[in-house]
>>> print(open('protein_15.csv').read())   # CSV, C-alpha atoms
chain,number,residue,atom,x,y,z
A,834,MET,CA,104.3,31.7,38.6
A,835,PRO,CA,107.6,29.8,38.4
A,836,ARG,CA,108.6,27.7,41.5
A,837,ARG,CA,111.2,29.2,43.8
A,838,PRO,CA,114.4,27.2,43.8
A,839,LYS,CA,114.8,24.9,46.8
A,840,GLY,CA,118.5,25.5,47.2
A,841,ALA,CA,121.0,22.9,48.4
A,842,ARG,CA,119.4,19.9,50.2
A,843,LEU,CA,119.8,16.3,51.0
A,844,TYR,CA,118.1,13.5,49.0
A,845,TRP,CA,118.0,9.9,50.0
A,846,ARG,CA,118.9,7.5,47.1
A,847,PRO,CA,117.1,4.2,47.8
A,848,ASP,CA,118.8,2.4,44.9
A,849,SER,CA,122.4,3.1,46.3
A,850,ARG,CA,121.3,3.7,49.9
A,851,ILE,CA,123.3,6.9,50.3
A,852,TRP,CA,122.5,10.5,50.7
A,853,GLU,CA,122.9,12.9,47.8
A,854,ILE,CA,123.2,16.6,47.7
A,855,ARG,CA,120.8,18.3,45.2
A,856,ASP,CA,120.9,21.9,44.2
A,857,THR,CA,119.7,24.3,41.6
A,858,GLY,CA,121.2,23.8,38.1
A,859,ASN,CA,120.6,20.0,38.2
A,860,ILE,CA,123.5,19.5,40.5
A,861,ARG,CA,123.6,16.0,42.0
A,862,ILE,CA,126.6,15.2,44.2
A,863,SER,CA,126.9,12.0,46.2
A,864,THR,CA,127.9,12.4,49.9
A,865,ARG,CA,129.1,8.8,49.9
A,866,ALA,CA,127.4,8.5,53.3
A,867,SER,CA,124.4,6.5,54.4
A,868,CYS,CA,124.4,8.1,57.9
A,869,ARG,CA,122.3,11.2,58.1
A,870,SER,CA,124.7,13.1,60.4
A,871,GLU,CA,127.7,12.4,58.0
A,872,ALA,CA,125.6,13.5,55.1
A,873,GLU,CA,124.7,16.8,56.9
A,874,GLU,CA,128.3,17.5,57.4
A,875,ALA,CA,129.0,17.0,53.7
A,876,LEU,CA,126.0,19.3,52.9
A,877,ALA,CA,127.5,22.0,55.3
A,878,ASP,CA,130.9,21.7,53.5
A,879,TYR,CA,129.2,22.0,50.1
A,880,ILE,CA,127.3,25.1,51.2
A,881,SER,CA,130.4,26.7,52.5
A,882,ARG,CA,132.2,26.0,49.3
A,883,LYS,CA,129.5,27.7,47.3
A,884,PHE,CA,130.6,31.1,48.6
A,885,ARG,CA,132.7,32.8,46.0
A,886,PRO,CA,136.2,33.9,46.8
A,887,SER,CA,136.8,37.6,46.9
A,888,GLY,CA,138.8,37.5,43.7
A,889,PRO,CA,140.8,35.1,41.4
A,890,VAL,CA,142.9,32.7,43.4
A,891,GLN,CA,145.7,30.3,42.6
A,892,ALA,CA,144.8,26.7,41.6
A,893,GLY,CA,146.0,25.5,45.0
A,894,GLU,CA,143.4,27.7,46.8
A,895,LEU,CA,140.3,26.4,45.0
A,896,SER,CA,139.0,22.8,45.4
A,897,VAL,CA,138.0,20.8,42.5
A,898,SER,CA,134.6,20.2,44.1
A,899,GLN,CA,134.0,24.0,44.4
A,900,ALA,CA,135.0,24.5,40.7
A,901,LEU,CA,132.6,21.8,39.7
A,902,ALA,CA,129.8,23.4,41.8
A,903,TYR,CA,130.4,26.8,40.2
A,904,TYR,CA,130.2,25.2,36.7
A,905,ALA,CA,127.1,23.2,37.4
A,906,GLU,CA,125.2,26.1,38.9
A,907,GLU,CA,126.2,28.7,36.4
A,908,ARG,CA,126.6,26.8,33.2
A,909,GLY,CA,124.6,23.6,33.8
A,910,PRO,CA,121.1,24.9,32.7
A,911,GLU,CA,122.6,26.2,29.4
A,912,LEU,CA,124.3,23.0,28.4
A,913,ALA,CA,122.9,20.9,25.6
A,914,ASP,CA,122.7,17.8,27.9
A,915,PRO,CA,122.6,18.9,31.5
A,916,ALA,CA,121.8,15.4,32.8
A,917,ARG,CA,124.8,13.9,31.2
A,918,ALA,CA,127.0,16.7,32.6
A,919,ALA,CA,125.6,16.2,36.1
A,920,TYR,CA,126.4,12.5,35.9
A,921,ALA,CA,130.0,13.4,34.9
A,922,ILE,CA,130.3,16.0,37.7
A,923,GLU,CA,129.2,13.4,40.3
A,924,ALA,CA,131.8,10.9,39.1
A,925,LEU,CA,134.5,13.6,39.1
A,926,ASP,CA,133.6,14.9,42.6
A,927,ARG,CA,133.8,11.4,44.0
A,928,PHE,CA,137.4,11.2,42.9
A,929,TRP,CA,138.8,14.7,43.5
A,930,GLY,CA,136.4,16.1,46.1
A,931,ASP,CA,138.3,18.6,48.3
A,932,LEU,CA,141.6,18.2,46.5
A,933,PRO,CA,142.8,21.6,45.1
A,934,ALA,CA,142.7,22.3,41.4
A,935,SER,CA,146.5,22.3,41.5
A,936,ALA,CA,146.4,18.5,42.0
A,937,ILE,CA,145.1,18.0,38.5
A,938,ASN,CA,147.9,16.8,36.4
A,939,GLY,CA,148.7,13.9,34.0
A,940,PRO,CA,149.3,11.2,36.7
A,941,THR,CA,146.2,12.0,38.7
A,942,CYS,CA,144.0,12.1,35.6
A,943,ARG,CA,145.4,8.7,34.5
A,944,ARG,CA,144.7,7.4,38.0
A,945,TYR,CA,141.2,8.6,37.6
A,946,ALA,CA,140.9,6.8,34.3
A,947,THR,CA,142.1,3.6,35.9
A,948,GLU,CA,140.0,3.7,39.0
A,949,ARG,CA,136.9,4.9,37.1
A,950,GLY,CA,136.7,1.5,35.4
A,951,VAL,CA,134.7,2.7,32.4
A,952,SER,CA,135.5,3.0,28.7
A,953,PRO,CA,138.2,5.4,27.5
A,954,SER,CA,135.6,7.4,25.6
A,955,THR,CA,133.6,7.9,28.8
A,956,VAL,CA,136.7,8.9,30.7
A,957,ARG,CA,137.6,11.4,27.9
A,958,ARG,CA,134.1,12.9,28.1
A,959,GLU,CA,134.1,13.3,31.8
A,960,LEU,CA,137.6,14.8,31.9
A,961,GLY,CA,136.4,17.2,29.2
A,962,VAL,CA,133.7,18.3,31.7
A,963,LEU,CA,136.4,18.9,34.3
A,964,GLN,CA,138.4,21.0,31.8
A,965,ALA,CA,135.3,23.0,30.9
A,966,ALA,CA,134.7,23.6,34.6
A,967,LEU,CA,138.2,24.9,35.2
A,968,ARG,CA,138.1,27.1,32.2
A,969,HIS,CA,134.7,28.5,33.3
A,970,CYS,CA,136.2,29.4,36.7
A,971,ALA,CA,139.2,31.1,35.1
A,972,ARG,CA,136.8,33.0,32.7
A,973,GLU,CA,134.5,34.1,35.5
A,974,GLY,CA,137.3,35.3,37.8
A,975,TYR,CA,137.5,32.5,40.4
A,976,LEU,CA,140.8,31.1,39.1
A,977,ILE,CA,143.9,33.0,37.9
A,978,ALA,CA,144.6,30.3,35.4
A,979,ALA,CA,143.0,26.9,34.6
A,980,PRO,CA,145.2,23.8,34.8
A,981,GLU,CA,145.3,21.6,31.8
A,982,VAL,CA,143.5,18.3,32.1
A,983,TRP,CA,145.0,15.2,30.5
A,984,ARG,CA,142.5,13.1,28.5
A,985,PRO,CA,142.8,9.8,26.7
A,986,ALA,CA,143.4,10.1,23.0
A,987,PRO,CA,140.1,9.9,21.0
A,988,LYS,CA,139.4,6.6,19.5
A,989,PRO,CA,140.2,6.6,15.8
A,990,SER,CA,137.0,6.6,13.8
A,991,GLU,CA,136.5,3.5,11.6
A,992,GLU,CA,135.5,4.2,8.0
A,993,ARG,CA,132.9,1.4,8.0
A,994,TRP,CA,130.2,1.9,5.4
A,995,LEU,CA,127.7,-0.5,3.9
A,996,THR,CA,127.9,-1.8,0.4
A,997,ARG,CA,124.6,-1.6,-1.5
A,998,GLN,CA,124.3,-5.4,-1.1
A,999,GLU,CA,124.8,-5.1,2.7
A,1000,ALA,CA,122.2,-2.3,2.9
A,1001,ALA,CA,119.7,-4.3,0.9
A,1002,TRP,CA,120.0,-7.3,3.1
A,1003,LEU,CA,119.7,-5.2,6.2
A,1004,LEU,CA,116.5,-3.6,4.9
A,1005,ARG,CA,115.2,-7.0,3.9
A,1006,ALA,CA,115.9,-8.3,7.4
A,1007,ALA,CA,114.2,-5.3,9.0
A,1008,ARG,CA,111.1,-5.7,6.9
A,1009,SER,CA,110.9,-9.4,7.9
A,1010,LEU,CA,110.7,-8.7,11.6
A,1011,ASN,CA,107.4,-9.0,13.4
A,1012,VAL,CA,104.8,-6.2,13.3
A,1013,ASP,CA,106.5,-4.4,16.2
A,1014,GLY,CA,109.8,-4.3,14.4
A,1015,ARG,CA,108.9,-3.1,10.9
A,1016,HIS,CA,109.5,0.5,11.9
A,1017,LEU,CA,113.2,-0.3,11.7
A,1018,ALA,CA,113.0,-0.2,7.9
A,1019,ASP,CA,111.8,3.4,8.1
A,1020,PHE,CA,114.7,4.2,10.4
A,1021,ILE,CA,117.2,2.6,8.0
A,1022,LEU,CA,115.7,4.4,4.9
A,1023,CYS,CA,115.9,7.8,6.6
A,1024,GLY,CA,119.5,7.1,7.7
A,1025,LEU,CA,120.6,6.0,4.2
A,1026,TYR,CA,118.9,8.9,2.4
A,1027,THR,CA,119.6,11.8,4.8
A,1028,GLY,CA,122.6,10.7,7.0
A,1029,THR,CA,120.8,12.0,10.0
A,1030,ARG,CA,121.9,10.8,13.5
A,1031,LYS,CA,119.9,8.2,15.3
A,1032,ALA,CA,118.4,10.4,18.1
A,1033,ALA,CA,117.3,13.1,15.6
A,1034,ILE,CA,115.7,10.5,13.3
A,1035,LEU,CA,113.6,9.1,16.2
A,1036,ARG,CA,112.2,12.5,17.0
A,1037,LEU,CA,111.3,13.5,13.5
A,1038,HIS,CA,107.6,14.4,12.9
A,1039,ILE,CA,105.9,14.7,9.6
A,1040,ASP,CA,104.5,18.1,8.6
A,1041,ARG,CA,104.3,19.2,12.2
A,1042,ALA,CA,106.9,21.5,13.9
A,1043,ASN,CA,107.3,20.6,17.5
A,1044,VAL,CA,109.5,21.2,20.6
A,1045,LEU,CA,110.7,17.6,20.9
A,1046,GLY,CA,112.7,17.5,17.7
A,1047,GLY,CA,112.8,18.2,13.9
A,1048,HIS,CA,110.2,17.5,11.2
A,1049,VAL,CA,109.8,16.9,7.5
A,1050,ASP,CA,108.0,19.5,5.5
A,1051,THR,CA,106.5,17.5,2.7
A,1052,THR,CA,105.2,20.6,0.9
A,1053,ARG,CA,108.6,22.3,0.6
A,1054,GLY,CA,110.6,19.0,0.6
A,1055,VAL,CA,112.8,20.1,3.4
A,1056,LEU,CA,114.1,18.1,6.4
A,1057,TYR,CA,114.5,20.1,9.6
A,1058,ARG,CA,116.7,18.1,11.9
A,1059,ARG,CA,116.1,19.9,15.1
A,1060,ALA,CA,113.3,21.8,16.8
A,1061,SER,CA,113.2,25.6,16.5
A,1062,VAL,CA,113.7,25.9,20.3
A,1063,GLU,CA,116.8,23.7,20.4
A,1064,ARG,CA,120.2,25.4,20.4
A,1065,GLU,CA,122.9,24.6,17.9
A,1066,THR,CA,125.6,22.2,19.2
A,1067,ALA,CA,128.8,20.7,17.9
A,1068,LYS,CA,126.7,18.0,16.3
A,1069,ARG,CA,125.2,20.2,13.6
A,1070,ARG,CA,121.6,19.6,12.7
A,1071,ARG,CA,121.0,21.9,9.8
A,1072,PRO,CA,118.0,21.7,7.3
A,1073,ALA,CA,118.4,19.8,4.1
A,1074,ARG,CA,116.5,19.4,0.9
A,1075,LEU,CA,115.2,15.8,0.5
A,1076,PRO,CA,115.9,13.7,-2.6
A,1077,ALA,CA,112.8,13.1,-4.8
A,1078,LYS,CA,112.6,9.3,-4.1
A,1079,TYR,CA,112.7,9.6,-0.4
A,1080,LEU,CA,110.4,12.7,-0.4
A,1081,ALA,CA,107.8,10.7,-2.4
A,1082,HIS,CA,108.0,7.9,0.2
A,1083,ILE,CA,107.4,10.3,3.1
A,1084,ARG,CA,104.5,11.9,1.2
A,1085,ARG,CA,102.9,8.5,0.9
A,1086,GLN,CA,103.3,8.0,4.6
A,1087,ALA,CA,101.8,11.4,5.3
A,1088,ALA,CA,98.8,10.6,3.0
A,1089,ARG,CA,98.2,7.5,5.2
A,1090,GLY,CA,98.0,9.6,8.3
A,1091,ARG,CA,101.5,9.0,9.6
A,1092,ARG,CA,102.7,11.5,12.2
A,1093,TYR,CA,106.3,10.4,12.7
A,1094,VAL,CA,109.0,9.3,10.3
A,1095,VAL,CA,109.6,6.3,12.6
A,1096,GLU,CA,106.5,5.0,14.5
A,1097,ASP,CA,105.2,1.7,15.7
A,1098,TYR,CA,102.1,-0.1,14.4
A,1099,GLN,CA,99.9,1.8,16.8
A,1100,GLY,CA,101.1,5.2,15.5
A,1101,ARG,CA,103.3,5.9,18.5
A,1102,MET,CA,106.8,7.5,18.5
A,1103,ILE,CA,109.6,5.0,19.0
A,1104,ALA,CA,111.9,5.5,22.0
A,1105,ASP,CA,114.8,3.3,20.8
A,1106,ILE,CA,115.6,0.8,18.0
A,1107,ARG,CA,118.5,-0.9,19.8
A,1108,LYS,CA,116.9,-4.4,20.1
A,1109,GLY,CA,115.4,-4.4,16.6
A,1110,TRP,CA,118.7,-3.2,15.1
A,1111,THR,CA,120.7,-6.0,16.8
A,1112,ARG,CA,118.2,-8.6,15.6
A,1113,ALA,CA,118.1,-7.2,12.1
A,1114,VAL,CA,121.9,-7.2,11.8
A,1115,THR,CA,122.1,-10.9,12.8
A,1116,LEU,CA,119.1,-11.9,10.7
A,1117,ALA,CA,120.5,-10.1,7.6
A,1118,GLU,CA,123.7,-12.3,7.8
A,1119,GLU,CA,121.5,-15.5,8.3
A,1120,MET,CA,119.2,-14.7,5.4
A,1121,ALA,CA,122.1,-13.9,3.1
A,1122,GLU,CA,123.9,-17.1,4.1
A,1123,LYS,CA,120.8,-19.2,3.2
A,1124,GLU,CA,121.0,-17.7,-0.3
A,1125,GLY,CA,124.7,-18.6,-0.5
A,1126,ILE,CA,125.9,-15.0,0.0
A,1127,GLU,CA,128.4,-14.2,2.8
A,1128,ILE,CA,128.2,-10.8,4.4
A,1129,ASP,CA,129.8,-9.7,7.6
A,1130,LEU,CA,128.0,-6.7,9.3
A,1131,SER,CA,130.9,-6.1,11.7
A,1132,TYR,CA,133.6,-3.6,12.4
A,1133,SER,CA,137.3,-4.6,12.1
A,1134,ASP,CA,137.4,-5.4,15.9
A,1135,GLY,CA,134.5,-7.8,15.6
A,1136,ARG,CA,131.8,-5.6,17.0
A,1137,LYS,CA,128.5,-5.6,15.1
A,1138,ILE,CA,127.7,-2.4,13.2
A,1139,THR,CA,125.8,0.3,15.0
A,1140,PRO,CA,123.2,2.7,13.6
A,1141,HIS,CA,125.9,5.4,13.1
A,1142,VAL,CA,127.1,3.3,10.1
A,1143,LEU,CA,124.1,4.7,8.2
A,1144,LYS,CA,125.6,8.2,8.3
A,1145,HIS,CA,128.9,6.9,7.1
A,1146,THR,CA,127.2,5.1,4.3
A,1147,ALA,CA,125.1,8.0,3.2
A,1148,ILE,CA,128.1,10.3,2.9
A,1149,THR,CA,130.2,7.7,1.2
A,1150,TRP,CA,127.6,6.9,-1.4
A,1151,ALA,CA,127.0,10.6,-2.1
A,1152,LEU,CA,130.7,11.2,-2.8
A,1153,GLN,CA,131.0,8.1,-4.9
A,1154,ARG,CA,128.1,9.4,-7.0
A,1155,GLY,CA,129.9,12.7,-7.6
A,1156,ALA,CA,128.7,15.0,-4.9
A,1157,SER,CA,131.1,17.8,-4.1
A,1158,ILE,CA,132.6,18.0,-0.6
A,1159,TRP,CA,131.0,21.4,-0.1
A,1160,ASP,CA,127.5,20.2,-1.1
A,1161,ALA,CA,127.9,17.0,1.0
A,1162,ALA,CA,128.9,19.1,4.0
A,1163,GLY,CA,125.8,21.2,3.7
A,1164,TYR,CA,123.4,18.4,3.0
A,1165,PHE,CA,124.7,16.0,5.8
A,1166,SER,CA,125.2,18.9,8.2
A,1167,THR,CA,128.9,18.0,8.7
A,1168,SER,CA,131.9,20.3,8.4
A,1169,ALA,CA,133.7,20.3,5.1
A,1170,GLU,CA,136.9,19.6,7.0
A,1171,THR,CA,135.5,16.4,8.3
A,1172,ILE,CA,134.1,15.3,5.0
A,1173,GLU,CA,137.5,16.0,3.4
A,1174,ARG,CA,139.4,14.2,6.1
A,1175,VAL,CA,137.2,11.1,6.6
A,1176,TYR,CA,135.4,10.6,3.3
A,1177,GLY,CA,137.2,12.7,0.7
A,1178,HIS,CA,139.1,9.7,-0.8
A,1179,HIS,CA,135.7,8.3,-1.9
A,1180,SER,CA,135.1,11.2,-4.3
A,1181,PRO,CA,135.9,10.6,-8.0
A,1182,THR,CA,137.6,14.0,-8.0
A,1183,HIS,CA,139.7,13.4,-4.9
A,1184,GLN,CA,143.2,14.9,-5.5
A,1185,GLU,CA,142.2,15.3,-9.2
A,1186,SER,CA,144.1,18.6,-9.7
A,1187,ALA,CA,147.2,17.2,-8.0
A,1188,VAL,CA,147.2,14.1,-10.2
A,1189,ALA,CA,146.6,16.2,-13.3
A,1190,ALA,CA,149.5,18.4,-12.4
A,1191,MET,CA,151.8,15.4,-11.9
A,1192,ASN,CA,150.7,14.0,-15.3
A,1193,ARG,CA,151.8,17.1,-17.2
A,1194,ARG,CA,155.1,16.8,-19.0
>>> encode(input="protein_15.csv", output="structure tokens")
Amino acid sequence: MPRRPKGARLYWRPDSRIWEIRDTGNIRISTRASCRSEAEEALADYISRKFRPSGPVQAGELSVSQALAYYAEERGPELADPARAAYAIEALDRFWGDLPASAINGPTCRRYATERGVSPSTVRRELGVLQAALRHCAREGYLIAAPEVWRPAPKPSEERWLTRQEAAWLLRAARSLNVDGRHLADFILCGLYTGTRKAAILRLHIDRANVLGGHVDTTRGVLYRRASVERETAKRRRPARLPAKYLAHIRRQAARGRRYVVEDYQGRMIADIRKGWTRAVTLAEEMAEKEGIEIDLSYSDGRKITPHVLKHTAITWALQRGASIWDAAGYFSTSAETIERVYGHHSPTHQESAVAAMNRR
């Protein structure tokens, strides 16, 4: 029998030494109070705000905190990552609180970005949650119209991909790590052959469908990037046929009793490869330098490459080898528009018909 929801309540956060309001739908809102009586007042205000207005109201009649509460309670459980949304809602509520939705404009959003003190990409994501909450309220009949939320411009994606020499040195460095780090080579191979995102790779099972993530079907030669119970998100994770070389590699692993595409020496699933990746990137440059070869595994701004470079590399190599944009979009589970916009110039047939037309007399 499912547990009955506890409803709105106070929770003491020993790490920050403040009271927090918790409610159904994974709602967590800081009261910004360490005093119990002040926290109870904040809880009473929160409960009173939960009552729906009798009909759609103007933006000046609905507080931002109330809009966020509606969104968290009614949409939170359905979101792909409710915990991340809850974290954003808490940060937004600390800034706007009881201010009316009509106070949301360019200047206040930019002040939020300044006072928040985090990266522009984080601010953009959090303000996106605010926009989603307002639109939800308008759609559900709480607001007559949702104000537009200013957000920082998205950071331009850098087209950094690995040359075959760089990829070879990175693999060599990963394989030279101690026994605890050799799983990194399996991670790199999967990324280079399939262009799958980091989180999805780390959850891949072999020949065993599961609720945690995707799996590789070595009989049919198909990669399923997500679990059957997972809902589709903007980060598409569609099935893909595996190339023969990589499929043979996975089949050899399966024959040895491997359960996961990436696992440690004791056969356990890997939670993260961040430390091993950082060490392998540095080690690859050092190993190449000893052989008189200079490689720089960095982005243009000096940051070292991240695992996402494997997806860029896989798509770039596929197009350089003659894959069509349409087939690449299906295989790498990326929209054809993105493939055309970001990687299209790597294709040997890029703008071929236009060039042929201009060559005609």
>>> closest_residue(input="protein_15.csv", among="A:Gly1109, A:Gly1014, A:Gly893, A:Gly1024", to="Lys1144 of chain A", atoms="all atoms listed in the file")
A:Gly1024
>>> closest_atom_pairs(input="protein_15.csv", of="segment 853-944 of chain A", to="segment 983-994 of chain A", cutoff="8 Å", atoms="all atoms listed in the file", output="CSV")
residue,atom,partner,partner_atom,distance
A:Asn938,CA,A:Trp983,CA,6.8
A:Gly939,CA,A:Trp983,CA,5.3
A:Cys942,CA,A:Trp983,CA,6.1
A:Arg943,CA,A:Trp983,CA,7.6
>>> closest_residue(input="protein_15.csv", among="A:Ser1131, A:Pro847, A:Thr1029, A:Ile1103", to="Arg1071 of chain A", atoms="only C-alpha atoms")
A:Thr1029
>>> residues_around(input="protein_15.csv", residues="Ala979 of chain A", least_positions_apart="4", cutoff="6 Å", atoms="only C-alpha atoms", output="list in words")
Leu967, Arg968 and Ala971 of chain A
>>> atom_distance(input="protein_15.csv", atom1="atom CA of Arg1091 of chain A", atom2="atom CA of Arg1041 of chain A")
10.9 Å
>>> atom_distance(input="protein_15.csv", atom1="atom CA of Gly1090 of chain A", atom2="atom CA of Leu1037 of chain A")
14.8 Å
>>> atom_distance(input="protein_15.csv", atom1="atom CA of Asn1043 of chain A", atom2="atom CA of Arg1084 of chain A")
18.7 Å
>>> residues_around(input="protein_15.csv", residues="Gln1086 of chain A", least_positions_apart="5", cutoff="12 Å", atoms="only C-alpha atoms", output="ChimeraX atom specification")
/A:1019,1038-1040,1049,1051,1079-1081,1091-1096,1100
>>> write_last_selection(input="protein_15.csv", atoms="C-alpha atoms", output="mmCIF file, in the frame of the given file")
data_model
loop_
_atom_site.group_PDB
_atom_site.id
_atom_site.type_symbol
_atom_site.label_atom_id
_atom_site.label_comp_id
_atom_site.auth_asym_id
_atom_site.auth_seq_id
_atom_site.Cartn_x
_atom_site.Cartn_y
_atom_site.Cartn_z
ATOM 1 C CA ASP A 1019 111.800 3.400 8.100
ATOM 2 C CA HIS A 1038 107.600 14.400 12.900
ATOM 3 C CA ILE A 1039 105.900 14.700 9.600
ATOM 4 C CA ASP A 1040 104.500 18.100 8.600
ATOM 5 C CA VAL A 1049 109.800 16.900 7.500
ATOM 6 C CA THR A 1051 106.500 17.500 2.700
ATOM 7 C CA TYR A 1079 112.700 9.600 -0.400
ATOM 8 C CA LEU A 1080 110.400 12.700 -0.400
ATOM 9 C CA ALA A 1081 107.800 10.700 -2.400
ATOM 10 C CA ARG A 1091 101.500 9.000 9.600
ATOM 11 C CA ARG A 1092 102.700 11.500 12.200
ATOM 12 C CA TYR A 1093 106.300 10.400 12.700
ATOM 13 C CA VAL A 1094 109.000 9.300 10.300
ATOM 14 C CA VAL A 1095 109.600 6.300 12.600
ATOM 15 C CA GLU A 1096 106.500 5.000 14.500
ATOM 16 C CA GLY A 1100 101.100 5.200 15.500
#
>>> closest_residue(input="protein_15.csv", among="A:Ala936, A:Leu876, A:Leu1035, A:Ala1042", to="Ser896 of chain A", atoms="only C-alpha atoms")
A:Ala936
>>> residues_around(input="protein_15.csv", residues="Asp878 of chain A", least_positions_apart="6", cutoff="10 Å", atoms="only C-alpha atoms", output="ChimeraX atom specification")
/A:872,899,931
>>> write_last_selection(input="protein_15.csv", atoms="C-alpha atoms", output="mmCIF file, in the coordinates of the input")
data_model
loop_
_atom_site.group_PDB
_atom_site.id
_atom_site.type_symbol
_atom_site.label_atom_id
_atom_site.label_comp_id
_atom_site.auth_asym_id
_atom_site.auth_seq_id
_atom_site.Cartn_x
_atom_site.Cartn_y
_atom_site.Cartn_z
ATOM 1 C CA ALA A 872 125.600 13.500 55.100
ATOM 2 C CA GLN A 899 134.000 24.000 44.400
ATOM 3 C CA ASP A 931 138.300 18.600 48.300
#
